[in-house]
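Only one structure is covered here, and it is reproduced in the block below.
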Amino acid sequence: MKTVEIDAKDLHYTPLNQQIRKAVSEGAKEIIIRNIMGQRFIADGLKGQVSLVLHGVAGGDLGMFMSGPDVTLYGNADHAPGNTMDAGSIVIHGSAGDAVSHSMRGGKVFVRDSIGYRGGIHMKQYLDKCPILVLGSSARSFLGEYMAGGMILVLRQFPDSMNNERGIGSGIHGGEIFIRGEIGDNCVGVGTKKDLCNSEEIARITPLIHEFAEKFGIDPAPFLKSNYTRISPASSRPFANKYTWE
Amino acid sequence: MNIGTVPMKFRVSIDQEQCMACGRCVENCSYGVFRMENGVVRVSPRHCVACHRCLAMCPRDAISIEERPVDYRSHPLWTTEVKEAIFNQARTGKIIVAGMGNALPYPVIFDRLVLDACQVTNPSIDPLREPMELRTYVGKKPSHLDLLTKENGDVELMSALVPNLMLETPIMIGHMSYGAISLNAQTSLAKAVSEIGTFMGTGEGGLHESLYPYQSNMIVQVASGRFGVDINYLERGAAIEIKIGQGAKPGIGGHLPGEKVNKEVSVTRMIPEGSDAISPAPHHDIYSIEDLKQLVRGLKEATEWKKPVFVKIAAVHNSAAIAAGIARSSADAIVIDGFRGGTGAAPRVFRDHVGIPVEAAIASVDAKLRQQGIRNEVSIIASGGIRESADVAKIIALGADAVYIGTAALIALGCRVCGTCNRGVCAWGIATQRADLVSRLDTEIGSKQVVNLIHGWTDELAELMGAAGINSIESLRGNRDRLRSYMLDEALMTVLDVKSVGA
């Protein structure tokens with residue numbers, strides 16, 4: 001396996017991405033990047049079967065429009081990792097900012113800790129493409145807002161977290177949000193339906209729990225023993241009755 | 001029902017003397033106006049929208065359509081439209097949605113501006129004999145050039161230039177998505193722009209595979225729903241346009257109802273068949289000019305800085321200040337969409353009441369960018385209500401680099417501006433996804449008609465410029481001295497920076 005190492009110290013994001021693209025075009029299967037200090041757009045629009053191992057703090061829009069690569073970040077990410085991402089994966093050993101997985105249409109994003117506001121906003125799915133966002137700890141308000149497809153799973157490492165968040169699934173018209181344990185009526189947004197998971201649904205999220213635990217070297221047992229809440233659309237046509245023709 | 005029926009909008013009558021009962025009207029009307037009963041054509045006039053498909057297909061001129069055959073009591077305030085909107089909402093309690101552009105009779109600024117021509121002291125130019133430069137480059141221009149003169153006298157350009165779009169005429173076709181219009185309509189437009197050497201927009205509906213041969217003349221759009229957007233789509237476009245707003249409905253998002261999302265539309269939008277495609281009002285990663293810059297750069301980075309990125313906004317009160325922000329965002333062009341811009345569907349209240357005319361917006365944006373010394377940073381594209389070549393000449397003189405046309409291009413395909421695009425049964429095969437209706441639009445003939453229109457306008461533009469003694473589009477741009485206002489008020493003349501006729 002061909003491995004390429006890049007030192008990102010004092011490197012602007014454009015030359016950094018140029019180096020990444022060059023390595024991919026030359027057949028690199030693994031690219032290790034050290035000393036990342038807030039560079040935005042890392043792996044933006046990148047295609048191909050390649051692993052990126054990042055060390056440092058990634059700036060906004062990590063893996064934006066990305067289609068295929070697997071990114072592992074040892075550190076935190078700023079806003080919107082996985083923005084409009086198409087395929088591949090992003091694994092964040094830390095936390096991330098707002099609008100994580102914004103409009104993501106395929107692939108997986110795993111965040112070990114927490115994320116900011118509007119995570120998973122307007123994720124959508126089509127045929128075999130189903131975007132998945134898994135969070136180890138918690139998300140701020142408006143998680144899964146406008147969601148049109150895909151799946152969000154929040155493992156809520158600290159069960160009391162998120163009790164004061166608002167607008168979860170606000171305007172959701174496709175896809176589903178799973179939150180470990182129970183969540184108050186005051187936390188969910190308009191147009192949502194909230195139920196405790198049945199065994200079929202638990203069976204569907206179980207492989208994701210294992211995958212998460214394996215990626216971060218965490219014991220999955222406590223997550224497997226829990227009950228989960230599923231938030232889904234009350235209607236797939238939330239605005240169908242709002243309009244009349246002239 | 002207390003309100004009862006309202007007067008019919010159109011009376012359709014058949015001259016039975018003329019009618020030969022061929023049934024073409026029955027076959028062609030997709031709104032269900034005509035039926036054949038015992039060899040005689042009968043009508044249900046309430047279904048008529050005046051799209052004139054029947055008239056165009058009747059071999060005997062046997063059909064006549066009369067608008068508003070039954071009057072309400074006339075009143076300057078409580079007009080027919082106002083009363084009927086109230087009836088509608090009293091019945092439904094809902095937001096009224098309508099097709100096409102602004103339907104209120106606001107004065108048209110274009111029609112209060114006149115162009116100049118040379119007489120005696122400076123000769124006019126005859127475009128038949130002399131070259132007229134209409135080629136237009138859209139994109140960022142350098143603020144200065146570094147040149148190196150070599151020993152042998154050759155001069156080498158040392159400055160790095162950023163990509164521009166090269167247009168053979170300053171007329172492009174704006175963004176009308178697949179979904180809002182049919183594939184045959186998009187294909188007709190795509191063939192036309194390829195032949196002419198100009199560009200068209202995809203709208204927020206993705207890029208259908210069958211249009212890939214025309215991709216080098218297509219501008220791909222990224223809007224708030226991000227429908228159809230992936231790296232493949234971004235790489236195919238000649239340029240990328242971020243749609244922030246639309247002149248027909250500033251400040252709100254879009255909503256393609258599930259009924260219009262058939263199998264093919266679902267493929268390009270990348271959403272399940274029959275599901276609503278909801279474009280939120282804002283982009284959820286853009287809450288400021290800094291965020292806009294982030295998306296502009298994100299798109300450039302994804303496409304390796306090879307493509308110009310446009311930002312389209314609706315013309316609103318503070319367009320000039322907003323445009324000054326956009327010009328600093330790394331964007332290459334700003335599209336200003338005026339309040340007369342068309343649409344497949346918009347809430348009536350927005351269509352008629354929100355936004356400002358493109359003439360005023362372009363003039364103030366151009367002035368603001370010049371004041372700040374950043375006019376070279378972006379091109380300005382005007383759209384929304386450009387009806388003829390005179391409008392093109394006037395808006396360029398007010399400061400635009402190029403225009404987008406929309407409705408005019410659809411009219412060239414047969415559209416009668418009946419304003420019922422939202423119904424999805426367009427009898428001309430333009431604003432519909434019904435296969436039998438779409439097949440009515442022949443893409444070869446359609447593209448020829450659009451090519452003809454743009455050629456005609458371009459020739460007229462060359463004539464207008466020649467008459468004014470101008471032989472290059474660059475000399476017309478922002479050249480307000482060649483405009484005079486006829487009966488515009490002083491405040492508006494100040495905004496437009498034009499003098500009165502006679503002055």
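Residues are referred to by chain and number: the chain letter is A, B, ... according to the order shown in the structure tokens, the number counts from 1 in that chain, and ligands are numbered separately from 1 in the order shown.
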
DSSP on the backbone: which residues in range 127-333 of chain B end up as strand (DSSP E)? Give the answer as a PyMOL selection string.
chain B and resi 136-138+147-149+155-157+165-167+171-175+200-201+218-222+239-243+254-256+277-279+309-314+333

Interface, chain A side, toward chain B (7 Å; only C-alpha atoms) as a list in words:
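The selection requested is Thr14, Phe41, Asp44, Gly45, Phe65, Asp86, Ala99, Ser103, Gln125, Tyr126, Arg237, Lys242, Tyr243, Thr244, Trp245 and Glu246 of chain A.
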
Would you kindly return, as a PyMOL selection string, each protein, DNA or RNA residue with an atom no farther than 12 Å from any atom of Val108 in chain B, considering only C-alpha atoms and excluding same-chain residues fewer than 3 positions away?
chain B and resi 102+104-105+111-113+338-340+356-360+385-387+391+486-488

Write out the residues from the selection above, keeping N, CA and C atoms, as a PDB file, in the first residue's frame.
```pdb
ATOM      1  N   ASN B 102     -44.429  39.015 -12.074  1.00  0.00           N
ATOM      2  CA  ASN B 102     -45.220  40.095 -11.497  1.00  0.00           C
ATOM      3  C   ASN B 102     -46.392  40.497 -12.389  1.00  0.00           C
ATOM      4  N   LEU B 104     -48.772  42.922 -11.534  1.00  0.00           N
ATOM      5  CA  LEU B 104     -49.349  44.233 -11.248  1.00  0.00           C
ATOM      6  C   LEU B 104     -48.843  45.258 -12.263  1.00  0.00           C
ATOM      7  N   PRO B 105     -49.680  46.244 -12.606  1.00  0.00           N
ATOM      8  CA  PRO B 105     -49.291  47.200 -13.655  1.00  0.00           C
ATOM      9  C   PRO B 105     -48.371  48.320 -13.166  1.00  0.00           C
ATOM     10  N   ASP B 111     -39.346  51.544 -20.368  1.00  0.00           N
ATOM     11  CA  ASP B 111     -40.175  52.277 -21.330  1.00  0.00           C
ATOM     12  C   ASP B 111     -40.159  53.787 -21.098  1.00  0.00           C
ATOM     13  N   ARG B 112     -39.468  54.204 -20.043  1.00  0.00           N
ATOM     14  CA  ARG B 112     -39.302  55.640 -19.791  1.00  0.00           C
ATOM     15  C   ARG B 112     -37.851  56.063 -20.033  1.00  0.00           C
ATOM     16  N   LEU B 113     -37.107  55.214 -20.707  1.00  0.00           N
ATOM     17  CA  LEU B 113     -35.723  55.548 -21.053  1.00  0.00           C
ATOM     18  C   LEU B 113     -35.589  55.479 -22.569  1.00  0.00           C
ATOM     19  N   GLY B 338     -34.468  40.956 -11.207  1.00  0.00           N
ATOM     20  CA  GLY B 338     -35.465  41.973 -10.887  1.00  0.00           C
ATOM     21  C   GLY B 338     -36.832  41.400 -10.565  1.00  0.00           C
ATOM     22  N   PHE B 339     -37.700  42.260 -10.055  1.00  0.00           N
ATOM     23  CA  PHE B 339     -39.000  41.782  -9.557  1.00  0.00           C
ATOM     24  C   PHE B 339     -39.973  41.383 -10.653  1.00  0.00           C
ATOM     25  N   ARG B 340     -39.573  41.540 -11.911  1.00  0.00           N
ATOM     26  CA  ARG B 340     -40.435  41.045 -12.969  1.00  0.00           C
ATOM     27  C   ARG B 340     -40.012  39.674 -13.476  1.00  0.00           C
ATOM     28  N   ILE B 356     -37.543  44.909  -6.234  1.00  0.00           N
ATOM     29  CA  ILE B 356     -37.510  46.173  -6.977  1.00  0.00           C
ATOM     30  C   ILE B 356     -37.184  45.896  -8.451  1.00  0.00           C
ATOM     31  N   PRO B 357     -37.427  46.891  -9.329  1.00  0.00           N
ATOM     32  CA  PRO B 357     -37.138  46.680 -10.748  1.00  0.00           C
ATOM     33  C   PRO B 357     -35.635  46.533 -11.013  1.00  0.00           C
ATOM     34  N   VAL B 358     -35.323  45.713 -11.991  1.00  0.00           N
ATOM     35  CA  VAL B 358     -33.921  45.416 -12.285  1.00  0.00           C
ATOM     36  C   VAL B 358     -33.168  46.667 -12.754  1.00  0.00           C
ATOM     37  N   GLU B 359     -33.850  47.591 -13.431  1.00  0.00           N
ATOM     38  CA  GLU B 359     -33.183  48.784 -13.954  1.00  0.00           C
ATOM     39  C   GLU B 359     -32.543  49.585 -12.811  1.00  0.00           C
ATOM     40  N   ALA B 360     -33.336  49.790 -11.742  1.00  0.00           N
ATOM     41  CA  ALA B 360     -32.837  50.572 -10.608  1.00  0.00           C
ATOM     42  C   ALA B 360     -31.738  49.804  -9.870  1.00  0.00           C
ATOM     43  N   GLY B 385     -37.343  40.254 -16.640  1.00  0.00           N
ATOM     44  CA  GLY B 385     -38.141  41.213 -17.408  1.00  0.00           C
ATOM     45  C   GLY B 385     -37.425  41.834 -18.588  1.00  0.00           C
ATOM     46  N   ILE B 386     -36.419  41.158 -19.143  1.00  0.00           N
ATOM     47  CA  ILE B 386     -35.757  41.641 -20.354  1.00  0.00           C
ATOM     48  C   ILE B 386     -36.587  41.142 -21.545  1.00  0.00           C
ATOM     49  N   ARG B 387     -37.241  42.064 -22.256  1.00  0.00           N
ATOM     50  CA  ARG B 387     -38.231  41.660 -23.256  1.00  0.00           C
ATOM     51  C   ARG B 387     -37.759  41.767 -24.687  1.00  0.00           C
ATOM     52  N   ASP B 391     -34.219  46.644 -24.370  1.00  0.00           N
ATOM     53  CA  ASP B 391     -34.006  46.459 -22.932  1.00  0.00           C
ATOM     54  C   ASP B 391     -32.551  46.053 -22.668  1.00  0.00           C
ATOM     55  N   TYR B 486     -37.440  59.814 -19.939  1.00  0.00           N
ATOM     56  CA  TYR B 486     -38.629  60.487 -20.453  1.00  0.00           C
ATOM     57  C   TYR B 486     -39.732  60.327 -19.420  1.00  0.00           C
ATOM     58  N   MET B 487     -39.959  61.392 -18.636  1.00  0.00           N
ATOM     59  CA  MET B 487     -41.005  61.402 -17.630  1.00  0.00           C
ATOM     60  C   MET B 487     -40.728  60.488 -16.432  1.00  0.00           C
ATOM     61  N   LEU B 488     -39.448  60.326 -16.077  1.00  0.00           N
ATOM     62  CA  LEU B 488     -39.156  59.669 -14.796  1.00  0.00           C
ATOM     63  C   LEU B 488     -39.000  60.759 -13.750  1.00  0.00           C
TER      64      LEU B 488
END
```

One decimal, Å: what's the distance from CA of Ile92 in chain A over to CA of Leu143 in chain A, could you say?
17.9 Å

For CA of Ser67 in chain A and CA of Val53 in chain A, determine how far apart the two atoms are, in Å to one decimal place.
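Between CA of Ser67 in chain A and CA of Val53 in chain A the gap works out to 16.3 Å.
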
Can you pull out every residue within 12 Å of Pro69 in chain A, counting only C-alpha atoms, but drop anything in the same chain fewer than 2 positions away, and send it as a PyMOL selection string?
chain A and resi 20-21+24+28-31+42-53+62-67+71-72+82+85-91+107-109

Tell me which protein, DNA and RNA residues are within 7 Å of Ala333 in chain B, counting only C-alpha atoms, leaving out same-chain ones fewer than 5 positions away, and put them as a PyMOL selection string.
chain B and resi 138-139+309-311+378-380

Which residues are close to Lys499 in chain B, i.e. within 8 Å by only C-alpha atoms, leaving aside same-chain residues fewer than 3 positions away? Reply as a list in words.
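Answer for this query is Asp481, Leu483, Arg484, Ser485, Met493 and Ala503 of chain B.
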
Let me make sure I understand: among B:Ala160, B:Val265, B:Ala50, B:Val155, which one has the smallest atom-to-atom distance to Ser143 in chain B if we use only C-alpha atoms?
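Ranked by minimum distance to Ser143 in chain B, first place goes to B:Ala160.
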
Need the shell around His102 in chain A: protein/DNA/RNA residues with any atom at most 10 Å away, counting only C-alpha atoms. Skip same-chain ones fewer than 4 positions apart. Format as a ChimeraX atom specification?
/A:61,64,79-85,98,118-124,144-145,147 /B:226,283-285

Keeping only C-alpha atoms, write the selected residues to a file as a PDB file, in the first residue's frame.
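Saved file out.pdb follows:
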```pdb
ATOM      1  CA  ASP A  61     -16.200  22.152   5.250  1.00  0.00           C
ATOM      2  CA  MET A  64     -17.243  18.952   1.230  1.00  0.00           C
ATOM      3  CA  HIS A  79     -18.376  23.728  10.966  1.00  0.00           C
ATOM      4  CA  ALA A  80     -19.959  21.513   8.324  1.00  0.00           C
ATOM      5  CA  PRO A  81     -17.720  18.497   7.873  1.00  0.00           C
ATOM      6  CA  GLY A  82     -19.437  16.313   5.256  1.00  0.00           C
ATOM      7  CA  ASN A  83     -21.204  19.292   3.632  1.00  0.00           C
ATOM      8  CA  THR A  84     -23.008  17.961   0.512  1.00  0.00           C
ATOM      9  CA  MET A  85     -20.819  14.870   0.711  1.00  0.00           C
ATOM     10  CA  ASP A  98     -22.475  23.660  13.344  1.00  0.00           C
ATOM     11  CA  ARG A 118     -28.307  22.244  12.911  1.00  0.00           C
ATOM     12  CA  GLY A 119     -26.438  18.958  12.546  1.00  0.00           C
ATOM     13  CA  GLY A 120     -27.665  16.782   9.688  1.00  0.00           C
ATOM     14  CA  ILE A 121     -29.712  19.606   8.235  1.00  0.00           C
ATOM     15  CA  HIS A 122     -31.431  18.720   4.946  1.00  0.00           C
ATOM     16  CA  MET A 123     -29.711  15.350   4.565  1.00  0.00           C
ATOM     17  CA  LYS A 124     -31.345  13.429   1.744  1.00  0.00           C
ATOM     18  CA  GLY A 144     -31.971  17.012  11.561  1.00  0.00           C
ATOM     19  CA  GLU A 145     -33.857  20.155  10.592  1.00  0.00           C
ATOM     20  CA  MET A 147     -34.255  16.403   6.890  1.00  0.00           C
TER      21      MET A 147
ATOM     22  CA  ARG B 226     -28.552  21.325  -3.091  1.00  0.00           C
ATOM     23  CA  HIS B 283     -28.667  28.245   2.478  1.00  0.00           C
ATOM     24  CA  HIS B 284     -28.026  26.615   5.817  1.00  0.00           C
ATOM     25  CA  ASP B 285     -24.315  27.210   5.528  1.00  0.00           C
TER      26      ASP B 285
END
```

Two-atom distance - CA of Ala468 in chain B, CA of Ser364 in chain B (Å)
23.8 Å
